[in-house]
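Below is one structure, written out as structure tokens; comments come after it.
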Amino acid sequence: MNPIGAGALTRRIRIQRPSTTKDRLGGPCRTWLDVATVWADIQPLSGREAVIAGRISAELTHQITVRHQSLFDNPHQVAQMRVLYKARVFNIHSALDEDERRVKLILLASEGLDDG
């Protein structure tokens with residue numbers, strides 16, 4: 001087993017899921033609801049730039065390590081979630097149970113092109 005050592009998770013993050021509400025005119029409006037606040041480690045993996053609508057945008061990919069949470073058991077739901085760390089927004093793409101022992105999860109996420 002590969003346990004998470006004391007002091008390895010030093011960043012407090014909020015995990016959010018999307019919710020659709022109605023705006024003042026009755027149209028759909030996406031909002032975000034907190035589902036968990038946990039300790040994590042955030043490590044950058046790679047970066048790229050893309051030209052979108054005539055301007056250059058940067059995207060960074062990250063590996064976010066957290067203790068196992070049952071809310072990550074459904075891969076389809078995980079791909080719709082995001083992580084907030086301070087003023088930064090990370091869009092989660094997948095959650096990997098590294099050793100299949102339900103001890104820690106590696107969240108693969110991106111930051112930069114979309115705010116979720």
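Labeling convention for the structure tokens: chains A, B, ... as they appear, residues from 1 per chain, ligands from 1 in order of appearance.
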
Counting only C-alpha atoms, what is within 9 Å of region 62-72 of chain A, bar same-chain residues fewer than 3 positions away, as a VMD selection string?
-> chain A and resid 4 9 35 to 36 38 to 46 75 77 to 78 90 94 to 95 97 102 to 111

DSSP-assigned alpha helix (DSSP H) members of chain A, reported as a ChimeraX atom specification | /A:75-78

Store the residues picked out above, limited to all heavy atoms, as an mmCIF file, in the first residue's frame.
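And here is the file that came out, again.cif:
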data_model
loop_
_atom_site.group_PDB
_atom_site.id
_atom_site.type_symbol
_atom_site.label_atom_id
_atom_site.label_comp_id
_atom_site.auth_asym_id
_atom_site.auth_seq_id
_atom_site.Cartn_x
_atom_site.Cartn_y
_atom_site.Cartn_z
ATOM 1 N N PRO A 75 -16.995 7.855 -12.695
ATOM 2 C CA PRO A 75 -16.138 8.621 -13.603
ATOM 3 C C PRO A 75 -16.883 9.681 -14.419
ATOM 4 O O PRO A 75 -16.338 10.739 -14.689
ATOM 5 C CB PRO A 75 -15.531 7.562 -14.530
ATOM 6 C CG PRO A 75 -15.703 6.282 -13.811
ATOM 7 C CD PRO A 75 -16.908 6.422 -12.941
ATOM 8 N N HIS A 76 -18.124 9.412 -14.779
ATOM 9 C CA HIS A 76 -18.901 10.393 -15.549
ATOM 10 C C HIS A 76 -19.161 11.654 -14.724
ATOM 11 O O HIS A 76 -19.042 12.771 -15.223
ATOM 12 C CB HIS A 76 -20.224 9.774 -16.021
ATOM 13 C CG HIS A 76 -21.092 10.734 -16.758
ATOM 14 N ND1 HIS A 76 -20.772 11.201 -18.011
ATOM 15 C CD2 HIS A 76 -22.252 11.344 -16.409
ATOM 16 C CE1 HIS A 76 -21.709 12.061 -18.410
ATOM 17 N NE2 HIS A 76 -22.608 12.156 -17.456
ATOM 18 N N GLN A 77 -19.482 11.482 -13.455
ATOM 19 C CA GLN A 77 -19.725 12.631 -12.588
ATOM 20 C C GLN A 77 -18.433 13.399 -12.297
ATOM 21 O O GLN A 77 -18.432 14.624 -12.238
ATOM 22 C CB GLN A 77 -20.368 12.182 -11.275
ATOM 23 C CG GLN A 77 -21.790 11.719 -11.445
ATOM 24 C CD GLN A 77 -22.383 11.197 -10.141
ATOM 25 O OE1 GLN A 77 -21.697 11.077 -9.143
ATOM 26 N NE2 GLN A 77 -23.674 10.891 -10.171
ATOM 27 N N VAL A 78 -17.333 12.679 -12.148
ATOM 28 C CA VAL A 78 -16.049 13.321 -11.866
ATOM 29 C C VAL A 78 -15.653 14.254 -13.005
ATOM 30 O O VAL A 78 -15.170 15.360 -12.772
ATOM 31 C CB VAL A 78 -14.945 12.264 -11.632
ATOM 32 C CG1 VAL A 78 -13.583 12.925 -11.523
ATOM 33 C CG2 VAL A 78 -15.241 11.469 -10.382
#

Work out how far CA of Ala8 (chain A) is from CA of Glu98 (chain A), in Å to one decimal.
->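 Computed distance, CA of Glu98 (chain A) to CA of Ala8 (chain A), equals 16.1 Å.
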